[in-house]
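Reading through the structure tokens given below for one structure.
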Number of protein chains: 2
Amino acid sequence: MTEIRLFVPPPLARGATIAASPGQAHYLAAVMRRAIGDTVLLFDGRTGEWRARISGLSRKAAMLTVEEQTRPQAPESDLWLLAPVLKRETTEWMVEKATELGVARIVLTTSAQSAVTRTNPDRLAAIATEAAEQCGRLGVPEVVPPAPVARVLAGWPPRRHLLLADESRAAPPAHAVIAGAAAGAWALLVGPEGGFTEHELDGFRKLPFCLPASLGPRILRAETAAVIGLGLIQALAGDWQDRPGGRPHDAATCEGKSEDVRSVGG
Amino acid sequence: MTEIRLFVPPPLARGATIAASPGQAHYLAAVMRRAIGDTVLLFDGRTGEWRARISGLSRKAAMLTVEEQTRPQAPESDLWLLAPVLKRETTEWMVEKATELGVARIVLTTSAQSAVTRTNPDRLAAIATEAAEQCGRLGVPEVVPPAPVARVLAGWPPRRHLLLADESRAAPPAHAVIAGAAAGAWALLVGPEGGFTEHELDGFRKLPFCLPASLGPRILRAETAAVIGLGLIQALAGDWQDRPGGRPHDAATCEGKSEDVRSVGG
């Protein structure tokens, strides 16, 4: 029986009884056909993951009694995605994938060539929550409603690298940029379907924290660029070593890589 | 005006007049509002990319007169994806993304826990063609109809690495596996939503060409694993250096990376 994970409001503690949301109750009773006495996993983004037992259940309400902690809370990777607003299904898909890839914060942005500028914040929050429940995360990323990208970049934390998905032939490959950067937190900036204008790109390239990078010789759709860029950052400078909160930069060097291979007997 | 790229049957040659398909004619006339005298780019997977002028146009038919070659044919990256059959929209999305990422061949597979085993080959071929037109490729990947994964792996070319997306904690990180492997062609193997069974995984791990690898600490959906795995292979051992047909393995070492950065003045 697949183990169900549900995100609930903090705090969780042994013996506490939690009222599930109507949607969660319907999911448990009608979709997953669970019964009183079955167990589920709960996480709240603050106090880790806990096993709970269904102590009351109807299609409209469920009571969950917390038993023991299954995982302590651990810091999640400090990775941001500055993502364009795309058409509804595509934006939702991008939010789901970014959550699976462990981003802490998805900042939706508009720019000169944005064709779409509005989103449904509740719907995107629900998608991020469901993706976090399914991928095993201990927290749900924040989805920040759309703002002009220039405003988002004003007052940027100077020590956070901004990897710019840059389609111009001049940009070095992203994996080289990531491996060559100093240790630090990362963000990925991706433009809208029409791309950023040359004027916008010139402005970004002048920012001291901005690292223009190529995502390969083909023209990627915006959502593809977002997913590939996030995957490369997590693999080469993020949390793919299972060390909560990321890993030191030097572990991303080739020496680090071969050690990793040896250390797991691969 | 966005430049339109269309895939047409070979061969293309200066002065040739090509009859577009009814779908392409409708796209040119009704969707993109092109007129006689406008230009489009054509590619056929064999003779490169050519500029052509619309010499006849209705909503049902279009004649395209080939003028000059804009890009010679170049070998595309020799990368395969062994992908599970997923629900229709998800399979279609995966085929689109894999095409954007430059795969030569998408082999659809079924295995013990496959919930879906059928696809619509014509529809998937059309999606791959459209994605190839939009991402600037000079060819369209082959989409091979579903077959049991065991049958696909029987008679596997022994020199082609098979990167196995392995969710077990024991697998080393994919970027380390890719960077540590000998030069050679690659394929990525991803399981269905329910994953491969332990029995299937044990069998795969015994194959001399199989390289089990982790795609990070979170549980990725099958289509996310496919896209991230392909992106890592292309970046670290594929064609992200714009060298047609991929790049020597040693260019994927750290020394190679820093050279890349310098060589483009990054």
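Residue numbering restarts at 1 for every chain of the structure tokens, chains are lettered A, B, ... in their displayed order, and ligands are numbered from 1 as they appear.
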Quiz item: Contacts of Pro217 (chain A) at 8 Å or less, counting only C-alpha atoms, minus same-chain residues fewer than 3 places along, as a ChimeraX atom specification?
Solution: /A:214 /B:239-242
Would you write out those residues with all heavy atoms, as a PDB file, in the first residue's frame?
ATOM      1  N   SER A 214      24.782  29.140 -21.046  1.00  0.00           N
ATOM      2  CA  SER A 214      24.057  28.467 -22.118  1.00  0.00           C
ATOM      3  C   SER A 214      23.507  27.132 -21.634  1.00  0.00           C
ATOM      4  O   SER A 214      24.171  26.405 -20.899  1.00  0.00           O
ATOM      5  CB  SER A 214      24.999  28.236 -23.312  1.00  0.00           C
ATOM      6  OG  SER A 214      24.465  27.221 -24.151  1.00  0.00           O
TER       7      SER A 214
ATOM      8  N   ASP B 239      26.384  17.284 -26.310  1.00  0.00           N
ATOM      9  CA  ASP B 239      26.708  18.264 -27.359  1.00  0.00           C
ATOM     10  C   ASP B 239      26.609  19.715 -26.901  1.00  0.00           C
ATOM     11  O   ASP B 239      26.430  20.602 -27.724  1.00  0.00           O
ATOM     12  CB  ASP B 239      25.813  18.020 -28.577  1.00  0.00           C
ATOM     13  CG  ASP B 239      24.348  18.336 -28.299  1.00  0.00           C
ATOM     14  OD1 ASP B 239      24.026  18.819 -27.192  1.00  0.00           O
ATOM     15  OD2 ASP B 239      23.521  18.100 -29.200  1.00  0.00           O
ATOM     16  N   TRP B 240      26.731  19.954 -25.596  1.00  0.00           N
ATOM     17  CA  TRP B 240      26.625  21.336 -25.130  1.00  0.00           C
ATOM     18  C   TRP B 240      27.825  22.191 -25.500  1.00  0.00           C
ATOM     19  O   TRP B 240      27.849  23.374 -25.257  1.00  0.00           O
ATOM     20  CB  TRP B 240      26.390  21.376 -23.627  1.00  0.00           C
ATOM     21  CG  TRP B 240      24.953  21.168 -23.279  1.00  0.00           C
ATOM     22  CD1 TRP B 240      24.042  20.442 -24.001  1.00  0.00           C
ATOM     23  CD2 TRP B 240      24.250  21.695 -22.164  1.00  0.00           C
ATOM     24  NE1 TRP B 240      22.822  20.489 -23.378  1.00  0.00           N
ATOM     25  CE2 TRP B 240      22.923  21.238 -22.246  1.00  0.00           C
ATOM     26  CE3 TRP B 240      24.623  22.499 -21.076  1.00  0.00           C
ATOM     27  CZ2 TRP B 240      21.963  21.574 -21.296  1.00  0.00           C
ATOM     28  CZ3 TRP B 240      23.671  22.817 -20.126  1.00  0.00           C
ATOM     29  CH2 TRP B 240      22.350  22.366 -20.241  1.00  0.00           C
ATOM     30  N   GLN B 241      28.838  21.571 -26.083  1.00  0.00           N
ATOM     31  CA  GLN B 241      29.980  22.388 -26.527  1.00  0.00           C
ATOM     32  C   GLN B 241      29.789  22.812 -27.975  1.00  0.00           C
ATOM     33  O   GLN B 241      30.704  23.334 -28.597  1.00  0.00           O
ATOM     34  CB  GLN B 241      31.283  21.612 -26.390  1.00  0.00           C
ATOM     35  CG  GLN B 241      31.490  21.030 -25.011  1.00  0.00           C
ATOM     36  CD  GLN B 241      31.302  22.057 -23.925  1.00  0.00           C
ATOM     37  OE1 GLN B 241      31.910  23.110 -23.968  1.00  0.00           O
ATOM     38  NE2 GLN B 241      30.429  21.770 -22.968  1.00  0.00           N
ATOM     39  N   ASP B 242      28.595  22.573 -28.531  1.00  0.00           N
ATOM     40  CA  ASP B 242      28.338  22.897 -29.946  1.00  0.00           C
ATOM     41  C   ASP B 242      29.250  22.145 -30.880  1.00  0.00           C
ATOM     42  O   ASP B 242      29.486  22.589 -31.995  1.00  0.00           O
ATOM     43  CB  ASP B 242      28.491  24.402 -30.213  1.00  0.00           C
ATOM     44  CG  ASP B 242      27.358  25.172 -29.565  1.00  0.00           C
ATOM     45  OD1 ASP B 242      26.391  24.520 -29.116  1.00  0.00           O
ATOM     46  OD2 ASP B 242      27.438  26.382 -29.504  1.00  0.00           O
TER      47      ASP B 242
END
Exercise. Would you list, as a count of residues only, the residues of region 5-254 of chain A that end up in alpha helix (DSSP H) under DSSP run on this structure's backbone?
Key: 71
Quiz item: Can you tell me, as number ranges by chain, what residues are no more than 8 Å from region 40-55 of chain B when counting only C-alpha atoms, ignoring any on the same chain fewer than 5 positions away?
Solution: B: 3-13, 35, 62-74, 138-140
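Using only C-alpha atoms, the nearest neighbour of Val103 (chain B) within the list A:Arg218, A:Leu230, A:Pro158, A:Leu57 is A:Arg218.
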Practice problem: Taking the chain letters and numbering used in this document, name the residues of region 2-53 of chain B that DSSP puts in strand (DSSP E), as a ChimeraX atom specification. | Solution: /B:5-7,17-19,39-43,49-53
Could you save those same residues with N, CA, C and O atoms as a CSV table (one decimal), in the first residue's frame?
chain,number,residue,atom,x,y,z
B,5,ARG,N,10.1,27.2,-39.1
B,5,ARG,CA,10.9,26.1,-39.6
B,5,ARG,C,10.0,24.9,-39.8
B,5,ARG,O,9.2,24.6,-39.0
B,6,LEU,N,10.1,24.3,-41.0
B,6,LEU,CA,9.2,23.1,-41.3
B,6,LEU,C,10.1,21.9,-41.7
B,6,LEU,O,11.1,22.1,-42.4
B,7,PHE,N,9.7,20.8,-41.2
B,7,PHE,CA,10.4,19.5,-41.6
B,7,PHE,C,9.6,19.0,-42.8
B,7,PHE,O,8.4,18.9,-42.8
B,17,THR,N,11.0,22.7,-55.8
B,17,THR,CA,9.7,23.2,-55.3
B,17,THR,C,9.1,22.1,-54.5
B,17,THR,O,9.0,20.9,-55.0
B,18,ILE,N,8.8,22.4,-53.3
B,18,ILE,CA,8.3,21.4,-52.3
B,18,ILE,C,6.8,21.6,-52.1
B,18,ILE,O,6.4,22.8,-51.8
B,19,ALA,N,6.0,20.6,-52.1
B,19,ALA,CA,4.6,20.7,-51.7
B,19,ALA,C,4.5,20.5,-50.2
B,19,ALA,O,4.9,19.4,-49.7
B,39,THR,N,9.2,34.0,-46.6
B,39,THR,CA,10.2,32.9,-46.6
B,39,THR,C,10.0,32.1,-45.3
B,39,THR,O,9.4,32.5,-44.3
B,40,VAL,N,10.4,30.8,-45.4
B,40,VAL,CA,10.4,29.9,-44.3
B,40,VAL,C,11.7,29.1,-44.4
B,40,VAL,O,12.4,29.1,-45.4
B,41,LEU,N,12.0,28.4,-43.3
B,41,LEU,CA,13.2,27.6,-43.3
B,41,LEU,C,12.7,26.1,-43.4
B,41,LEU,O,11.7,25.8,-42.7
B,42,LEU,N,13.4,25.3,-44.2
B,42,LEU,CA,13.1,23.9,-44.3
B,42,LEU,C,14.2,23.0,-43.9
B,42,LEU,O,15.4,23.4,-44.1
B,43,PHE,N,14.0,21.9,-43.3
B,43,PHE,CA,15.0,20.9,-43.0
B,43,PHE,C,14.4,19.5,-43.3
B,43,PHE,O,13.2,19.3,-43.2
B,49,GLU,N,19.6,22.7,-43.6
B,49,GLU,CA,18.5,23.6,-43.5
B,49,GLU,C,18.6,24.6,-44.7
B,49,GLU,O,19.7,25.1,-45.0
B,50,TRP,N,17.4,24.9,-45.2
B,50,TRP,CA,17.4,25.8,-46.4
B,50,TRP,C,16.3,26.9,-46.3
B,50,TRP,O,15.3,26.6,-45.6
B,51,ARG,N,16.6,28.0,-46.9
B,51,ARG,CA,15.6,29.1,-46.9
B,51,ARG,C,14.7,28.8,-48.2
B,51,ARG,O,15.3,28.5,-49.2
B,52,ALA,N,13.4,28.9,-48.0
B,52,ALA,CA,12.5,28.7,-49.1
B,52,ALA,C,11.5,29.8,-49.2
B,52,ALA,O,11.2,30.5,-48.1
B,53,ARG,N,11.0,30.1,-50.3
B,53,ARG,CA,10.0,31.2,-50.5
B,53,ARG,C,8.6,30.5,-50.8
B,53,ARG,O,8.6,29.5,-51.5
